[in-house]
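Shown below: target.tsv, with TSV, C-alpha atoms.
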chain	number	residue	atom	x	y	z
A	1	MET	CA	-73.17	-0.08	209.64
A	2	LEU	CA	-69.59	0.80	208.86
A	3	ASN	CA	-67.26	1.11	211.78
A	4	PHE	CA	-64.11	3.10	210.98
A	5	ASN	CA	-61.29	3.26	213.44
A	6	TYR	CA	-59.82	6.66	212.62
A	7	ARG	CA	-56.75	6.14	214.82
A	8	THR	CA	-55.71	3.03	212.91
A	9	LEU	CA	-56.39	4.71	209.59
A	10	SER	CA	-54.37	7.79	210.53
A	11	ARG	CA	-51.48	5.62	211.75
A	12	LYS	CA	-51.40	3.73	208.45
A	13	VAL	CA	-51.51	6.90	206.36
A	14	GLY	CA	-48.99	8.64	208.61
A	15	ARG	CA	-46.64	5.70	208.48
A	16	GLY	CA	-46.61	5.78	204.67
A	17	VAL	CA	-45.75	9.47	204.65
A	18	LEU	CA	-43.07	8.94	207.29
A	19	GLU	CA	-41.53	6.10	205.28
A	20	GLN	CA	-41.43	8.30	202.18
A	21	GLN	CA	-39.79	11.11	204.14
A	22	ILE	CA	-37.20	8.71	205.55
A	23	ILE	CA	-36.40	7.42	202.05
A	24	LEU	CA	-36.08	10.98	200.80
A	25	ALA	CA	-33.80	11.90	203.71
A	26	VAL	CA	-31.61	8.84	203.08
A	27	PHE	CA	-31.23	9.78	199.40
A	28	LEU	CA	-30.46	13.37	200.34
A	29	VAL	CA	-27.80	12.36	202.87
A	30	PHE	CA	-26.34	9.82	200.44
A	31	GLY	CA	-26.16	12.48	197.71
A	32	ILE	CA	-24.42	14.97	199.98
A	33	VAL	CA	-21.96	12.37	201.27
A	34	PHE	CA	-21.20	11.18	197.72
A	35	MET	CA	-20.64	14.76	196.54
A	36	LEU	CA	-18.31	15.55	199.44
A	37	PHE	CA	-16.45	12.26	198.94
A	38	ALA	CA	-15.95	12.89	195.21
A	39	LEU	CA	-14.77	16.48	195.78
A	40	SER	CA	-12.35	15.51	198.52
A	41	LEU	CA	-11.03	12.56	196.51
A	42	SER	CA	-10.39	14.76	193.47
A	43	TRP	CA	-8.70	17.35	195.69
A	44	LEU	CA	-6.43	14.66	197.22
A	45	LEU	CA	-5.52	12.88	193.98
A	46	SER	CA	-5.13	15.83	191.60
A	47	PRO	CA	-1.60	17.04	190.94
A	48	SER	CA	-0.89	20.51	192.22
A	49	LYS	CA	2.27	22.20	191.00
A	50	PRO	CA	1.49	25.89	190.67
A	51	THR	CA	3.87	27.84	188.47
A	52	GLU	CA	3.95	31.42	187.28
A	53	GLY	CA	2.88	30.40	183.77
A	54	LYS	CA	-0.24	28.63	185.04
A	55	GLY	CA	-1.38	31.76	186.82
A	56	LEU	CA	-1.26	33.98	183.74
A	57	THR	CA	-4.29	34.88	181.70
A	58	PHE	CA	-4.29	32.94	178.45
A	59	GLU	CA	-5.31	34.75	175.27
A	60	CYS	CA	-3.79	32.92	172.32
A	61	GLY	CA	-0.32	33.14	173.84
A	62	MET	CA	-0.32	36.93	173.89
A	63	GLU	CA	-0.44	39.34	176.76
A	64	PRO	CA	-3.94	40.78	177.11
A	65	LEU	CA	-4.36	44.42	176.15
A	66	GLY	CA	-6.68	46.73	178.04
A	67	LEU	CA	-9.18	45.96	180.73
A	68	PRO	CA	-10.97	42.62	180.82
A	69	TRP	CA	-14.34	44.30	181.45
A	70	ILE	CA	-15.51	45.78	178.18
A	71	ARG	CA	-18.95	46.57	176.85
A	72	TYR	CA	-20.30	44.34	174.13
A	73	ARG	CA	-22.65	45.69	171.53
A	74	SER	CA	-26.28	44.71	171.90
A	75	GLY	CA	-26.19	43.41	168.33
A	76	PHE	CA	-24.41	40.29	169.56
A	77	PHE	CA	-27.26	39.65	171.96
A	78	VAL	CA	-29.93	40.19	169.28
A	79	TYR	CA	-28.21	37.79	166.90
A	80	ALA	CA	-27.89	35.19	169.65
A	81	ILE	CA	-31.58	35.46	170.56
A	82	LEU	CA	-32.64	35.21	166.92
A	83	TYR	CA	-30.42	32.18	166.45
A	84	VAL	CA	-31.98	30.46	169.46
A	85	ILE	CA	-35.51	31.25	168.26
A	86	PHE	CA	-34.93	29.82	164.79
A	87	ASP	CA	-32.96	26.89	166.15
A	88	ILE	CA	-35.92	25.96	168.34
A	89	GLU	CA	-38.17	26.37	165.31
A	90	THR	CA	-36.23	23.69	163.47
A	91	ALA	CA	-36.44	21.49	166.54
A	92	PHE	CA	-40.24	21.78	166.32
A	93	LEU	CA	-40.36	21.36	162.54
A	94	TYR	CA	-38.49	18.05	162.44
A	95	PRO	CA	-40.93	15.96	164.54
A	96	TRP	CA	-43.81	17.64	162.72
A	97	ALA	CA	-42.35	16.58	159.37
A	98	VAL	CA	-41.99	13.01	160.60
A	99	ALA	CA	-45.55	12.91	161.94
A	100	PHE	CA	-46.96	14.64	158.86
A	101	GLY	CA	-45.76	11.78	156.68
A	102	LYS	CA	-48.29	9.48	158.34
A	103	ALA	CA	-51.76	9.40	156.77
A	104	ALA	CA	-53.64	9.66	160.08
A	105	THR	CA	-52.54	13.22	160.91
A	106	GLY	CA	-54.54	15.05	158.24
A	107	TRP	CA	-54.67	18.76	157.51
A	108	PHE	CA	-54.99	19.87	161.13
A	109	PHE	CA	-51.26	19.54	161.83
A	110	PHE	CA	-50.43	21.23	158.54
A	111	VAL	CA	-52.55	24.28	159.40
A	112	GLU	CA	-51.12	24.40	162.94
A	113	MET	CA	-47.57	24.39	161.58
A	114	LEU	CA	-48.44	27.09	159.04
A	115	ILE	CA	-49.70	29.27	161.90
A	116	PHE	CA	-46.50	28.57	163.88
A	117	VAL	CA	-44.25	29.46	160.94
A	118	ALA	CA	-46.35	32.55	160.18
A	119	ILE	CA	-45.89	33.85	163.73
A	120	LEU	CA	-42.13	33.33	163.51
A	121	LEU	CA	-42.01	34.94	160.09
A	122	ALA	CA	-43.95	37.94	161.42
A	123	GLY	CA	-41.36	38.26	164.20
A	124	LEU	CA	-38.52	38.10	161.68
A	125	LEU	CA	-40.16	40.74	159.49
A	126	TYR	CA	-40.65	42.97	162.53
A	127	ALA	CA	-36.99	42.59	163.49
A	128	TRP	CA	-36.00	43.39	159.92
A	129	LYS	CA	-38.28	46.46	159.83
A	130	GLU	CA	-36.83	47.75	163.11
A	131	LYS	CA	-33.32	47.24	161.64
A	132	ALA	CA	-32.38	44.87	164.44
A	133	LEU	CA	-30.47	42.78	161.91
A	134	ALA	CA	-28.44	45.69	160.52
A	135	TRP	CA	-24.80	45.62	161.59
A	136	HIS	CA	-23.37	49.08	162.22

Taking this structure as input, can you express it in the form of structure tokens?
Amino acid sequence: MLNFNYRTLSRKVGRGVLEQQIILAVFLVFGIVFMLFALSLSWLLSPSKPTEGKGLTFECGMEPLGLPWIRYRSGFFVYAILYVIFDIETAFLYPWAVAFGKAATGWFFFVEMLIFVAILLAGLLYAWKEKALAWH
């Protein structure tokens, strides 16, 4: 017959959790102290000589014209999103090309990559059809 002492078992399990929480708390405190130390040290050691020229807005040495808050066209956003999508596509294509060179991969990876490229191509054709790439 097995005789479990549940109090001893719960103390052992509880002690492990408590030790982990103490380690986590020590790392948290150390991280906060290190951050505050680094910020205060940089504040103390950095040179501070404010002048009128340092407080001016810098735009290629010229005085800014108009308000700083202007509306940007949504075309910039669309181009940025399309760039990110196709940049990520190349990030997926490179490891696939390296793995495809090995004989063990077979046709499965080739078909999967064709499906992936077809989905992206369909998205590009849709953006082209909707004239999202046209610059007005």

Val78 in chain A environment, 12 Å, all atoms listed in the file, sequence neighbours closer than 6 positions dropped, as a list in words: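 In the requested form, the answer reads Tyr72, Val84, Ile85, Leu124, Ala127, Trp128, Glu130, Lys131, Ala132, Leu133, Ala134 and Trp135 of chain A.
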
Could you check the closest approach to Ala118 in chain A for each of A:Glu89, A:Trp43, A:Trp96, A:Lys102 and tell me which residue wins, using only C-alpha atoms? A:Glu89

Option closest in space to Gly123 in chain A, from A:Phe92, A:Trp69, A:Trp107, A:Phe86 [counting only C-alpha atoms]: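 When distances to Gly123 in chain A are compared using only C-alpha atoms, the smallest one comes from A:Phe86.
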
So which one's closest to Leu93 in chain A, A:Glu112, A:Gly31, A:Tyr79, A:Ala25? Using all atoms listed in the file, please. A:Glu112

Between A:Ile88, A:Leu82, A:Met113, A:Leu67, which one has atoms that come closest to Leu125 in chain A, using all atoms listed in the file? A:Leu82

Assuming 5 Å of padding per side, give the centre and edge lengths of the axis-aligned box around every listed atom of range 116-124 of chain A, in Å to one decimal and as JSON.
{"center_x": -42.5, "center_y": 33.4, "center_z": 162.1, "size_x": 18.0, "size_y": 19.7, "size_z": 14.1}

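From CA of Tyr83 in chain A back to CA of Leu120 in chain A, the distance works out to 12.1 Å.
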
Enter the distance from CA of Ala99 in chain A to CA of Phe116 in chain A, in Å, rounded to one decimal.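 The value is 15.8 Å.
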
Using only C-alpha atoms, can you tell me which of A:Ala91, A:Ser40, A:Lys49, A:Ala97 comes closest to Phe110 in chain A? A:Ala97

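Here CA of Gln21 in chain A is placed at a distance of 22.4 Å from CA of Leu36 in chain A.
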